[in-house]
$ cat structure-v7.cif   # mmCIF, C-alpha atoms
data_entry
#
loop_
_atom_site.label_atom_id
_atom_site.label_comp_id
_atom_site.auth_asym_id
_atom_site.auth_seq_id
_atom_site.Cartn_x
_atom_site.Cartn_y
_atom_site.Cartn_z
CA MET A 14 282.01 114.25 123.25
CA LYS A 15 281.59 117.90 122.45
CA ILE A 16 280.16 119.52 119.35
CA HIS A 17 279.93 123.26 118.92
CA ILE A 18 277.52 124.43 116.21
CA PRO A 19 279.15 127.48 114.68
CA ASN A 20 277.72 130.54 113.03
CA SER A 21 278.36 129.00 109.62
CA ALA A 22 279.49 125.56 108.52
CA PHE A 23 278.98 124.51 104.93
CA LEU A 24 281.16 122.19 102.91
CA GLY A 25 283.38 125.02 101.72
CA ASN A 26 284.25 126.09 105.27
CA ILE A 27 283.42 122.96 107.26
CA ASP A 28 287.01 122.07 108.21
CA PRO A 29 287.25 124.23 111.38
CA PHE A 30 283.92 122.87 112.61
CA LEU A 31 285.04 119.27 112.14
CA ARG A 32 288.39 120.03 113.77
CA SER A 33 286.54 121.37 116.80
CA TYR A 34 284.72 118.06 117.34
CA ASN A 35 285.89 116.52 120.59
CA PRO A 36 285.37 112.73 120.69
CA SER A 37 286.67 112.26 124.26
CA GLU A 38 284.26 111.03 126.98
CA PRO A 39 282.08 109.10 124.50
CA GLU A 40 279.39 108.40 127.09
CA ILE A 41 278.21 112.04 127.08
CA LEU A 42 277.41 114.43 124.23
CA GLU A 43 277.56 118.15 124.96
CA ILE A 44 276.20 120.44 122.28
CA THR A 45 276.81 124.16 122.30
CA ALA A 46 276.08 126.71 119.61
CA ASN A 47 276.83 130.19 118.39
CA GLU A 48 274.66 132.61 120.35
CA LYS A 49 273.66 134.85 117.48
CA TRP A 50 273.04 132.78 114.38
CA ILE A 51 273.31 129.18 113.22
CA SER A 52 273.53 128.36 109.56
CA VAL A 53 274.84 124.91 108.85
CA HIS A 54 275.05 122.22 106.20
CA PRO A 55 272.78 119.17 106.64
CA LEU A 56 275.95 117.17 107.25
CA VAL A 57 276.38 118.97 110.59
CA LEU A 58 272.89 117.95 111.69
CA SER A 59 273.29 114.37 110.50
CA MET A 60 276.58 114.18 112.38
CA ILE A 61 275.06 115.42 115.66
CA ALA A 62 272.05 113.14 115.26
CA ALA A 63 274.12 110.06 114.44
CA ARG A 64 276.38 110.58 117.44
CA GLY A 65 273.46 111.43 119.72
CA LEU A 66 271.61 108.27 118.72
CA THR A 67 274.40 106.17 120.20
CA LEU A 68 273.51 107.57 123.64
CA ASN A 69 270.67 107.52 126.09
CA PRO A 70 268.81 110.88 125.75
CA GLN A 71 269.70 111.72 129.39
CA ASN A 72 273.35 111.79 128.37
CA ILE A 73 272.81 114.42 125.68
CA ARG A 74 273.27 117.93 127.00
CA PHE A 75 272.07 120.75 124.82
CA GLU A 76 273.14 124.21 125.95
CA LYS A 77 270.14 126.57 125.84
CA LEU A 78 270.09 127.80 122.27
CA GLU A 79 269.95 131.57 121.88
CA ALA A 80 270.53 131.94 118.16
CA LYS A 81 267.64 133.49 116.24
CA SER A 82 267.77 130.68 113.72
CA ARG A 83 267.50 127.94 116.39
CA HIS A 84 264.07 126.94 115.06
CA TYR A 85 265.87 125.39 112.13
CA LEU A 86 267.17 122.59 114.35
CA VAL A 87 263.61 121.88 115.52
CA ARG A 88 262.24 122.00 112.01
CA MET A 89 264.87 119.54 110.81
CA GLY A 90 263.77 117.16 113.56
CA LEU A 91 266.99 117.06 115.57
CA PHE A 92 265.44 117.10 119.04
CA LYS A 93 262.62 114.77 118.08
CA LEU A 94 265.01 112.18 116.65
CA LEU A 95 267.22 112.30 119.73
CA GLY A 96 264.29 112.25 122.13
CA VAL A 97 265.33 115.42 123.95
CA GLU A 98 263.37 118.56 124.82
CA SER A 99 264.28 121.54 122.67
CA GLY A 100 262.91 124.21 124.99
CA ILE A 101 262.13 126.13 121.80
CA ASP A 102 258.63 127.31 120.98
CA VAL A 103 257.98 126.57 117.36
CA VAL A 104 255.92 129.11 115.46
CA GLU A 105 252.99 127.35 113.83
CA HIS A 106 252.39 127.66 110.10
CA GLU A 107 256.02 128.47 109.54
CA GLU A 108 257.11 128.34 105.93
CA ALA A 109 257.86 124.69 105.31
CA GLY A 110 260.52 125.23 102.66
CA ARG A 111 262.01 122.42 100.68
CA PHE A 112 263.85 120.02 102.89
CA ILE A 113 264.07 116.45 104.07
CA PRO A 114 264.16 116.37 107.88
CA LEU A 115 266.57 114.13 109.75
CA SER A 116 265.66 110.57 108.89
CA LEU A 117 266.90 107.23 110.02
CA ILE A 118 267.27 104.43 107.49
CA LYS A 119 268.02 100.96 108.77
CA THR A 120 266.87 98.58 106.06
CA SER A 121 266.81 98.21 102.32
CA GLU A 122 263.01 98.54 102.37
CA ASP A 123 263.26 101.75 104.45
CA LEU A 124 265.56 103.14 101.78
CA SER A 125 263.32 102.31 98.83
CA ARG A 126 260.34 103.85 100.64
CA PHE A 127 262.39 106.89 101.59
CA ILE A 128 263.45 107.53 97.99
CA THR A 129 259.88 107.26 96.74
CA GLU A 130 258.33 109.42 99.44
CA MET A 131 260.98 111.93 100.46
CA ILE A 132 262.75 113.07 97.32
CA PRO A 133 259.56 114.67 95.91
CA LEU A 134 259.64 116.98 98.97
CA LEU A 135 262.63 118.74 97.42
CA HIS A 136 260.58 119.61 94.31
CA ALA A 137 263.53 119.02 91.99
CA GLY A 138 263.03 118.62 88.25
CA PRO A 139 262.90 115.07 86.84
CA GLU A 140 266.56 115.01 85.79
CA GLN A 141 267.68 116.39 89.14
CA ALA A 142 265.42 114.04 91.08
CA LYS A 143 267.11 111.19 89.23
CA THR A 144 270.52 112.45 90.35
CA LEU A 145 269.35 112.94 93.96
CA GLY A 146 267.79 109.49 94.10
CA TYR A 147 270.97 108.04 92.73
CA ILE A 148 273.16 109.77 95.31
CA ILE A 149 270.98 108.87 98.28
CA SER A 150 270.51 105.28 97.18
CA GLU A 151 274.21 104.58 96.65
CA LEU A 152 275.38 106.35 99.81
CA VAL A 153 272.79 104.82 102.12
CA ARG A 154 273.26 101.34 100.64
CA ASN A 155 276.97 101.69 101.41
CA VAL A 156 276.07 102.28 105.05
CA LEU A 157 273.60 99.41 105.18
CA GLU A 158 275.97 96.95 103.52
CA HIS A 159 279.37 97.88 104.89
CA ALA A 160 279.19 100.11 107.97
CA GLU A 161 277.76 97.63 110.49
CA ALA A 162 276.15 100.67 112.10
CA GLN A 163 273.62 99.75 114.76
CA ASN A 164 271.54 102.82 113.98
CA GLY A 165 271.82 102.60 110.21
CA ALA A 166 272.20 105.80 108.20
CA VAL A 167 271.13 109.24 109.38
CA LEU A 168 270.46 111.76 106.68
CA CYS A 169 268.83 115.05 105.90
CA ALA A 170 268.79 117.47 102.97
CA GLN A 171 267.92 121.07 102.31
CA TYR A 172 267.19 123.15 99.23
CA TYR A 173 268.85 126.60 99.25
CA GLN A 174 267.07 129.10 97.09
CA LYS A 175 269.89 131.66 96.94
CA SER A 176 272.40 129.22 95.48
CA ASN A 177 269.70 127.07 93.85
CA SER A 178 271.33 124.02 95.32
CA ILE A 179 270.44 120.95 97.32
CA ARG A 180 272.78 119.92 100.10
CA ILE A 181 272.79 116.44 101.56
CA GLY A 182 274.44 115.05 104.68
CA ILE A 183 274.67 111.37 105.58
CA ALA A 184 276.26 110.04 108.75
CA ASP A 185 276.83 106.70 110.40
CA THR A 186 278.60 105.51 113.52
CA GLY A 187 279.71 102.18 112.13
CA VAL A 188 283.11 100.59 111.66
CA GLY A 189 284.46 103.25 109.30
CA ILE A 190 285.93 102.99 105.82
CA ARG A 191 289.38 101.80 106.85
CA LYS A 192 288.12 98.68 108.59
CA THR A 193 285.91 97.78 105.62
CA ILE A 194 288.51 98.44 102.93
CA SER A 195 291.32 96.76 104.88
CA ARG A 196 289.58 93.39 104.61
CA PHE A 197 290.99 93.05 101.10
CA HIS A 198 293.31 96.01 100.52
CA GLN A 199 296.28 97.64 102.19
CA ALA A 200 295.15 100.86 103.85
CA PRO A 201 297.71 102.04 106.37
CA THR A 202 295.76 105.21 107.22
CA ASP A 203 292.15 106.38 107.22
CA LEU A 204 292.98 108.80 104.44
CA GLU A 205 294.47 106.05 102.29
CA ALA A 206 291.33 104.00 102.92
CA ILE A 207 289.22 106.94 101.72
CA ARG A 208 291.37 107.19 98.62
CA LEU A 209 290.86 103.50 97.86
CA ALA A 210 287.11 103.71 98.55
CA LEU A 211 286.81 106.49 95.99
CA THR A 212 288.78 104.61 93.34
CA PRO A 213 286.59 102.76 90.83
CA GLY A 214 286.66 98.99 91.16
CA ILE A 215 288.02 98.89 94.72
CA THR A 216 285.60 97.34 97.20
CA GLY A 217 285.82 96.11 100.76
CA THR A 218 284.24 92.82 99.76
CA THR A 219 286.95 91.35 97.51
CA SER A 220 290.33 92.08 95.96
CA ARG A 221 289.09 90.69 92.65
CA GLU A 222 288.70 93.06 89.69
CA GLY A 223 284.98 93.48 88.93
CA GLY A 224 283.99 92.99 92.57
CA THR A 225 281.62 90.33 93.84
CA GLU A 226 278.17 89.55 92.47
CA GLN A 227 276.72 92.19 94.83
CA ASN A 228 279.45 94.84 94.98
CA ALA A 229 281.56 96.47 92.31
CA GLY A 230 283.32 99.16 94.31
CA ALA A 231 281.91 101.88 92.12
CA GLY A 232 279.31 103.62 94.30
CA LEU A 233 281.48 106.32 95.86
CA PHE A 234 283.32 106.91 92.61
CA PHE A 235 279.98 107.59 90.91
CA ILE A 236 278.98 110.04 93.64
CA LYS A 237 282.30 111.85 93.54
CA SER A 238 281.96 111.97 89.74
CA ILE A 239 278.49 113.53 89.99
CA ALA A 240 279.95 116.25 92.22
CA ALA A 241 282.99 116.69 89.97
CA VAL A 242 280.94 117.06 86.80
CA ASN A 243 278.61 119.52 88.50
CA ARG A 244 281.65 121.33 89.97
CA ASP A 245 280.25 120.94 93.48
CA PHE A 246 281.69 120.12 96.88
CA PHE A 247 281.89 116.55 98.12
CA VAL A 248 283.21 115.61 101.56
CA LEU A 249 284.12 112.21 102.95
CA TYR A 250 285.27 111.91 106.55
CA SER A 251 286.00 108.66 108.36
CA GLY A 252 288.24 107.90 111.32
CA SER A 253 290.85 110.63 111.26
CA GLY A 254 290.83 110.92 107.46
CA PHE A 255 289.15 113.77 105.64
CA TYR A 256 288.79 114.34 101.89
CA LYS A 257 287.10 117.27 100.20
CA LEU A 258 286.54 117.60 96.48
CA LEU A 259 286.81 121.32 95.82
CA LYS A 260 284.65 123.38 93.52
CA LYS A 261 285.96 124.03 90.05
CA SER A 262 285.31 127.10 87.98
CA SER A 263 282.86 126.48 85.17
CA ALA A 264 285.43 127.86 82.72
CA ARG A 265 287.51 124.73 83.21
CA ARG A 266 286.68 121.71 81.11
CA PHE A 267 285.43 118.91 83.31
CA SER A 268 287.34 115.70 83.50
CA LEU A 269 286.96 112.72 85.80
CA LYS A 270 289.88 111.17 87.61
CA ALA A 271 290.03 107.61 88.89
CA ASP A 272 292.48 108.66 91.61
CA PRO A 273 290.67 111.15 93.89
CA PHE A 274 293.99 112.72 94.83
CA LYS A 275 294.36 113.86 91.21
CA ASP A 276 291.14 115.87 91.46
CA ARG A 277 291.23 119.38 92.86
CA HIS A 278 290.87 118.58 96.55
CA SER A 279 291.95 119.17 100.12
CA LYS A 280 292.69 116.43 102.60
CA SER A 281 293.82 115.73 106.12
CA GLU A 282 294.80 112.66 108.06
CA ASP A 283 294.83 114.10 111.55
CA MET A 284 291.22 115.07 112.14
CA PRO A 285 289.48 114.31 115.45
CA TYR A 286 288.55 110.65 115.28
CA TRP A 287 285.05 110.03 113.90
CA GLN A 288 283.95 106.48 114.60
CA GLY A 289 282.01 105.84 111.41
CA THR A 290 281.67 107.79 108.20
CA LEU A 291 280.29 111.17 107.19
CA VAL A 292 279.42 112.17 103.64
CA GLY A 293 278.34 115.60 102.49
CA ILE A 294 277.51 116.67 98.97
CA ASP A 295 276.14 119.79 97.29
CA ILE A 296 274.24 119.67 94.03
CA THR A 297 273.87 122.99 92.29
CA LEU A 298 270.72 122.63 90.23
CA ASP A 299 271.69 125.17 87.56
CA GLU A 300 274.84 123.20 86.93
CA THR A 301 273.34 119.73 87.05
CA ALA A 302 274.90 118.15 84.03
CA GLU A 303 272.80 115.79 82.06
CA PHE A 304 273.06 112.45 83.79
CA THR A 305 273.65 110.54 80.59
CA ARG A 306 276.61 112.77 79.66
CA LEU A 307 278.10 112.05 83.04
CA LEU A 308 277.69 108.32 82.46
CA ASP A 309 279.76 108.52 79.27
CA ALA A 310 282.59 110.13 81.21
CA ILE A 311 282.31 107.59 84.02
CA ARG A 312 282.49 104.70 81.59
CA GLU A 313 285.65 106.07 80.02
CA THR A 314 287.38 106.80 83.33
CA TYR A 315 286.35 103.49 84.86
CA SER A 316 287.67 101.63 81.88
CA GLU A 317 291.01 103.45 82.00
CA ALA A 318 291.33 102.70 85.72
CA ILE A 319 290.83 98.97 85.12
CA GLN A 320 293.32 98.94 82.27
CA GLU A 321 295.85 100.75 84.41
CA ARG A 322 295.46 98.25 87.27
CA LEU A 323 295.69 95.31 84.90
CA ARG A 324 298.85 96.73 83.33
CA ALA A 325 300.33 97.27 86.79
CA SER A 326 299.54 93.71 87.86
CA ARG A 327 301.10 92.09 84.77
CA LYS A 328 304.45 90.44 85.11
CA LYS A 329 307.33 92.53 83.84
CA PRO A 330 310.49 91.18 82.17
CA ARG A 331 313.33 90.78 84.60
CA PHE A 332 316.54 92.32 83.40
CA ILE A 333 319.51 91.00 85.28
CA MET B 30 262.50 82.57 75.76
CA ILE B 31 261.47 84.32 78.94
CA GLU B 32 260.80 88.02 79.28
CA ILE B 33 261.31 89.62 82.67
CA HIS B 34 259.52 92.89 83.30
CA VAL B 35 261.91 94.72 85.59
CA LEU B 36 259.49 97.56 86.40
CA GLU B 37 257.07 95.20 88.16
CA LYS B 38 259.79 94.26 90.61
CA SER B 39 261.96 97.36 90.90
CA GLY B 40 259.58 100.26 90.40
CA LYS B 41 260.44 103.29 88.23
CA PHE B 42 263.74 103.87 90.01
CA ALA B 43 265.60 100.57 90.03
CA GLU B 44 267.96 100.78 92.98
CA ASN B 45 267.17 97.94 95.35
CA LYS B 46 269.96 95.38 94.98
CA ASP B 47 268.00 92.77 96.91
CA VAL B 48 265.42 92.92 94.14
CA SER B 49 267.99 92.56 91.37
CA ARG B 50 269.64 89.69 93.22
CA GLU B 51 266.28 87.92 93.43
CA ILE B 52 265.70 88.41 89.69
CA ARG B 53 269.16 87.07 88.94
CA ILE B 54 268.92 84.01 91.16
CA ARG B 55 265.27 83.08 90.70
CA GLU B 56 264.70 83.99 87.07
CA ILE B 57 267.77 84.70 84.97
CA TRP B 58 270.03 81.85 86.09
CA PRO B 59 267.36 79.12 85.91
CA ALA B 60 266.40 80.26 82.40
CA LEU B 61 270.00 80.29 81.21
CA GLU B 62 270.54 76.86 82.70
CA ARG B 63 267.56 75.63 80.66
CA ASN B 64 269.30 77.17 77.63
CA GLU B 65 266.51 79.67 77.24
CA GLU B 66 267.02 83.18 75.98
CA VAL B 67 266.37 85.91 78.52
CA VAL B 68 264.90 89.29 77.70
CA LEU B 69 265.16 91.90 80.44
CA ASN B 70 262.43 94.39 79.69
CA PHE B 71 263.07 97.80 81.25
CA GLU B 72 259.95 99.49 79.92
CA GLY B 73 258.82 102.13 82.41
CA VAL B 74 262.07 102.05 84.40
CA GLU B 75 263.19 105.67 84.44
CA ALA B 76 266.58 105.16 86.06
CA ALA B 77 268.72 102.43 87.53
CA THR B 78 271.76 102.58 89.75
CA GLN B 79 275.01 100.94 88.79
CA SER B 80 274.66 98.83 91.95
CA PHE B 81 271.28 97.53 90.80
CA ILE B 82 272.54 96.56 87.35
CA HIS B 83 275.75 95.12 88.79
CA ALA B 84 273.78 92.88 91.16
CA LEU B 85 271.53 91.90 88.25
CA ILE B 86 274.07 90.79 85.63
CA SER B 87 277.71 90.92 86.78
CA ASP B 88 277.77 87.40 88.19
CA ILE B 89 276.37 86.07 84.92
CA LEU B 90 278.90 87.99 82.87
CA ARG B 91 281.74 86.78 85.05
CA LYS B 92 280.71 83.14 84.85
CA GLN B 93 279.55 82.99 81.23
CA GLY B 94 281.55 85.78 79.63
CA ASP B 95 280.41 87.05 76.25
CA ARG B 96 278.23 83.94 75.81
CA ALA B 97 275.84 85.49 78.33
CA LEU B 98 275.35 88.48 76.07
CA GLU B 99 274.35 86.20 73.21
CA ARG B 100 271.54 84.76 75.31
CA MET B 101 270.49 87.79 77.28
CA SER B 102 269.06 90.98 75.80
CA PHE B 103 267.87 94.28 77.19
CA LYS B 104 264.60 95.66 75.89
CA SER B 105 263.02 99.14 76.02
CA CYS B 106 265.88 100.73 77.94
CA ASN B 107 265.96 104.51 78.08
CA GLU B 108 269.28 106.22 77.54
CA THR B 109 270.22 106.29 81.24
CA VAL B 110 269.52 102.59 81.79
CA ARG B 111 271.25 101.73 78.54
CA LYS B 112 274.40 103.59 79.60
CA ILE B 113 274.48 102.08 83.09
CA ILE B 114 274.22 98.60 81.54
CA GLY B 115 277.00 99.59 79.15
CA ILE B 116 279.26 100.61 82.04
CA VAL B 117 278.71 97.37 83.95
CA VAL B 118 279.23 95.22 80.85
CA THR B 119 282.41 97.13 79.97
CA TYR B 120 284.06 96.83 83.36
CA MET B 121 283.10 93.19 83.68
CA GLN B 122 284.52 92.39 80.23
CA GLU B 123 287.69 94.37 80.77
CA GLY B 124 288.44 93.49 84.32
CA ALA B 125 286.93 90.19 85.24
#

$ encode --input "structure-v7.cif" --output "structure tokens"
Amino acid sequence: MKIHIPNSAFLGNIDPFLRSYNPSEPEILEITANEKWISVHPLVLSMIAARGLTLNPQNIRFEKLEAKSRHYLVRMGLFKLLGVESGIDVVEHEEAGRFIPLSLIKTSEDLSRFITEMIPLLHAGPEQAKTLGYIISELVRNVLEHAEAQNGAVLCAQYYQKSNSIRIGIADTGVGIRKTISRFHQAPTDLEAIRLALTPGITGTTSREGGTEQNAGAGLFFIKSIAAVNRDFFVLYSGSGFYKLLKKSSARRFSLKADPFKDRHSKSEDMPYWQGTLVGIDITLDETAEFTRLLDAIRETYSEAIQERLRASRKKPRFI
Amino acid sequence: MIEIHVLEKSGKFAENKDVSREIRIREIWPALERNEEVVLNFEGVEAATQSFIHALISDILRKQGDRALERMSFKSCNETVRKIIGIVVTYMQEGA
């Protein structure tokens, strides 16, 4: 496998980076980087860490990093998590910033502890902390319950002062969305599986409306809705399917869509194959809509989606 | 009537579905089977995920329908918790 860390890879311009991922020779991971500067979304780090964790540290080859910003990878805990030497001298007493370093979550208890202890590190306001906790809880629980990932969920987050935003990346190397969704729904491609996973009321645990007693099939729809209402990026990548919710101008009235393909988005079904799932989301704090307002919109959209599916499933008169 | 203090089990941010499942199985169902009224007291719970609330009440709503809502009430919910409960109840009533 080969991953090249580019000069810049954030959700808005992450597509070329993901396209450059080379999944061949899965027993070795070679990591190279831009020589001058590295500035990347937490999703990039979570992705490298998740893939690296599937290997013995001896099979991870880091090219000597020359970029001035290489300390960032140390600070985010990439080398430590993978058990490899960074060869980078870290300057003591460096400004800590507001970030959550790469973390591994394998159990429900790990997750609850993580939410309690780590989210305060981002110093978000109470309303924003609520949103962040919500996002992390739902996304990581998805991994723990559906991904069958040996290493659980890998995640990290960073606050960016210039854009006043928090960016989160979560990665797993599990079975991927298509395998999970296909247990009860028709998903001929990874992209179609992503579409179904983002549709409210569709879960990989049953075909029944309303879900099972433990799963409703609403988690990803809620997360996409949070991004949509805040007019932020949201990326979901699994197998060879890729979906990106695009930013909307604040002049446009927000509306939620049950079908993710009706949102302003970009998509691809021929990406390099990622065994597992990657999720990236940006939350612009200035734009963070009141959570309760968002819930009103979710309720309405969810309800419409159910009604639409029920109408579609009803028997129609046969005219012969 | 039994009153279940959710905060004691879930903490301020109610997100652990294993916890809500335990409440449902060990406390809510047995009380309903004894024909007791159940009060879910959310005092001190600042937020809850849809997954938490779903795991807490959806099975009851599916099996008992609206009758469950006559015997189960939600106390001291802030606006967020109230709305999440509203969403779960709505989709269970409409779809299940």

$ resolve_selection --input "structure-v7.cif" --expression "the PyMOL selection byres ((chain B) within 7 of (chain A))" --output "PyMOL selection string"
chain B and resi 44-45+76+78+80+83-84+87-88+108-109+112+116+120-121+124-125

$ atom_distance --input "structure-v7.cif" --atom1 "atom CA of A:Val242" --atom2 "atom CA of A:Leu211"
15.2 Å

$ atom_distance --input "structure-v7.cif" --atom1 "atom CA of A:Ile181" --atom2 "atom CA of A:Ala137"
13.6 Å

$ residues_near_point --input "structure-v7.cif" --point "(264.9, 127.0, 129.1)" --cutoff "12 Å" --atoms "all atoms listed in the file" --output "PDB file with C-alpha atoms, keeping the file's coordinate frame"
ATOM      1  CA  PHE A  75     272.070 120.750 124.820  1.00  0.00           C
ATOM      2  CA  GLU A  76     273.140 124.210 125.950  1.00  0.00           C
ATOM      3  CA  LYS A  77     270.140 126.570 125.840  1.00  0.00           C
ATOM      4  CA  LEU A  78     270.090 127.800 122.270  1.00  0.00           C
ATOM      5  CA  GLU A  79     269.950 131.570 121.880  1.00  0.00           C
ATOM      6  CA  GLU A  98     263.370 118.560 124.820  1.00  0.00           C
ATOM      7  CA  SER A  99     264.280 121.540 122.670  1.00  0.00           C
ATOM      8  CA  GLY A 100     262.910 124.210 124.990  1.00  0.00           C
ATOM      9  CA  ILE A 101     262.130 126.130 121.800  1.00  0.00           C
ATOM     10  CA  ASP A 102     258.630 127.310 120.980  1.00  0.00           C
TER      11      ASP A 102
END

$ atom_distance --input "structure-v7.cif" --atom1 "atom CA of A:His84" --atom2 "atom CA of A:Leu115"
14.1 Å

$ closest_residue --input "structure-v7.cif" --among "B:Ile82, B:Glu99, B:Ile33, B:Gly73" --to "B:Gly115" --atoms "only C-alpha atoms"
B:Ile82

$ resolve_selection --input "structure-v7.cif" --expression "the PyMOL selection byres ((chain A and resi 205-207) around 8)" --output "PyMOL selection string"
chain A and resi 190-191+194-195+200-204+208-211+249-251+254-256

$ resolve_selection --input "structure-v7.cif" --expression "the PyMOL selection byres ((chain B and resi 56-67) around 8)" --output "PDB file with C-alpha atoms, in the frame of the given file"
ATOM      1  CA  MET B  30     262.500  82.570  75.760  1.00  0.00           C
ATOM      2  CA  ILE B  31     261.470  84.320  78.940  1.00  0.00           C
ATOM      3  CA  GLU B  32     260.800  88.020  79.280  1.00  0.00           C
ATOM      4  CA  ILE B  33     261.310  89.620  82.670  1.00  0.00           C
ATOM      5  CA  GLU B  51     266.280  87.920  93.430  1.00  0.00           C
ATOM      6  CA  ILE B  52     265.700  88.410  89.690  1.00  0.00           C
ATOM      7  CA  ARG B  53     269.160  87.070  88.940  1.00  0.00           C
ATOM      8  CA  ILE B  54     268.920  84.010  91.160  1.00  0.00           C
ATOM      9  CA  ARG B  55     265.270  83.080  90.700  1.00  0.00           C
ATOM     10  CA  VAL B  68     264.900  89.290  77.700  1.00  0.00           C
ATOM     11  CA  LEU B  69     265.160  91.900  80.440  1.00  0.00           C
ATOM     12  CA  ILE B  89     276.370  86.070  84.920  1.00  0.00           C
ATOM     13  CA  ARG B 100     271.540  84.760  75.310  1.00  0.00           C
ATOM     14  CA  MET B 101     270.490  87.790  77.280  1.00  0.00           C
ATOM     15  CA  SER B 102     269.060  90.980  75.800  1.00  0.00           C
TER      16      SER B 102
END

$ residues_around --input "structure-v7.cif" --residues "B:His34" --least-positions-apart "3" --cutoff "8 Å" --atoms "only C-alpha atoms" --output "compact mmCIF listing (two decimals) with C-alpha atoms, in the frame of the given file"
# COMPACT_ATOMS: atom_id res chain seq x y z
CA GLU B 37 257.07 95.20 88.16
CA LYS B 38 259.79 94.26 90.61
CA LEU B 69 265.16 91.90 80.44
CA ASN B 70 262.43 94.39 79.69
CA PHE B 71 263.07 97.80 81.25
CA GLU B 72 259.95 99.49 79.92

$ residues_around --input "structure-v7.cif" --residues "A:Val248" --least-positions-apart "5" --cutoff "12 Å" --atoms "all atoms listed in the file" --output "VMD selection string"
chain A and resid 23 to 28 31 54 56 to 57 180 to 184 207 211 233 236 to 237 240 to 241 254 to 260 273 278 to 281 290 to 295

$ closest_residue --input "structure-v7.cif" --among "B:Asn107, B:Gly94, B:Phe81, B:Val74" --to "B:Thr119" --atoms "all atoms listed in the file"
B:Gly94

$ axis_aligned_box --input "structure-v7.cif" --around "stretch 124-135 of chain A" --padding-each-side "4 Å" --output "AutoDock Vina command-line options"
--center_x 261.9 --center_y 110.5 --center_z 98.8 --size_x 15.2 --size_y 24.4 --size_z 13.9

$ build_atoms --input "structure-v7.cif" --residues "stretch 68-79 of chain B" --atoms "N, CA and C atoms" --output "PDB file, keeping the file's coordinate frame"
ATOM      1  N   VAL B  68     265.082  87.889  78.080  1.00  0.00           N
ATOM      2  CA  VAL B  68     264.900  89.290  77.700  1.00  0.00           C
ATOM      3  C   VAL B  68     264.574  90.069  78.974  1.00  0.00           C
ATOM      4  N   LEU B  69     265.428  91.035  79.291  1.00  0.00           N
ATOM      5  CA  LEU B  69     265.160  91.900  80.440  1.00  0.00           C
ATOM      6  C   LEU B  69     264.487  93.153  79.916  1.00  0.00           C
ATOM      7  N   ASN B  70     263.210  93.282  80.228  1.00  0.00           N
ATOM      8  CA  ASN B  70     262.430  94.390  79.690  1.00  0.00           C
ATOM      9  C   ASN B  70     262.386  95.539  80.714  1.00  0.00           C
ATOM     10  N   PHE B  71     262.987  96.658  80.339  1.00  0.00           N
ATOM     11  CA  PHE B  71     263.070  97.800  81.250  1.00  0.00           C
ATOM     12  C   PHE B  71     262.020  98.869  80.953  1.00  0.00           C
ATOM     13  N   GLU B  72     260.990  98.503  80.250  1.00  0.00           N
ATOM     14  CA  GLU B  72     259.950  99.490  79.920  1.00  0.00           C
ATOM     15  C   GLU B  72     259.397 100.115  81.206  1.00  0.00           C
ATOM     16  N   GLY B  73     259.360 101.430  81.240  1.00  0.00           N
ATOM     17  CA  GLY B  73     258.820 102.130  82.410  1.00  0.00           C
ATOM     18  C   GLY B  73     259.841 102.403  83.497  1.00  0.00           C
ATOM     19  N   VAL B  74     261.015 101.784  83.402  1.00  0.00           N
ATOM     20  CA  VAL B  74     262.070 102.050  84.400  1.00  0.00           C
ATOM     21  C   VAL B  74     262.763 103.350  83.979  1.00  0.00           C
ATOM     22  N   GLU B  75     262.649 104.360  84.810  1.00  0.00           N
ATOM     23  CA  GLU B  75     263.190 105.670  84.440  1.00  0.00           C
ATOM     24  C   GLU B  75     264.680 105.783  84.697  1.00  0.00           C
ATOM     25  N   ALA B  76     265.140 105.132  85.761  1.00  0.00           N
ATOM     26  CA  ALA B  76     266.580 105.160  86.060  1.00  0.00           C
ATOM     27  C   ALA B  76     266.945 103.920  86.855  1.00  0.00           C
ATOM     28  N   ALA B  77     268.218 103.578  86.771  1.00  0.00           N
ATOM     29  CA  ALA B  77     268.720 102.430  87.530  1.00  0.00           C
ATOM     30  C   ALA B  77     270.088 102.809  88.073  1.00  0.00           C
ATOM     31  N   THR B  78     270.407 102.311  89.246  1.00  0.00           N
ATOM     32  CA  THR B  78     271.760 102.580  89.750  1.00  0.00           C
ATOM     33  C   THR B  78     272.720 101.530  89.202  1.00  0.00           C
ATOM     34  N   GLN B  79     273.974 101.897  89.205  1.00  0.00           N
ATOM     35  CA  GLN B  79     275.010 100.940  88.790  1.00  0.00           C
ATOM     36  C   GLN B  79     274.967  99.723  89.705  1.00  0.00           C
TER      37      GLN B  79
END
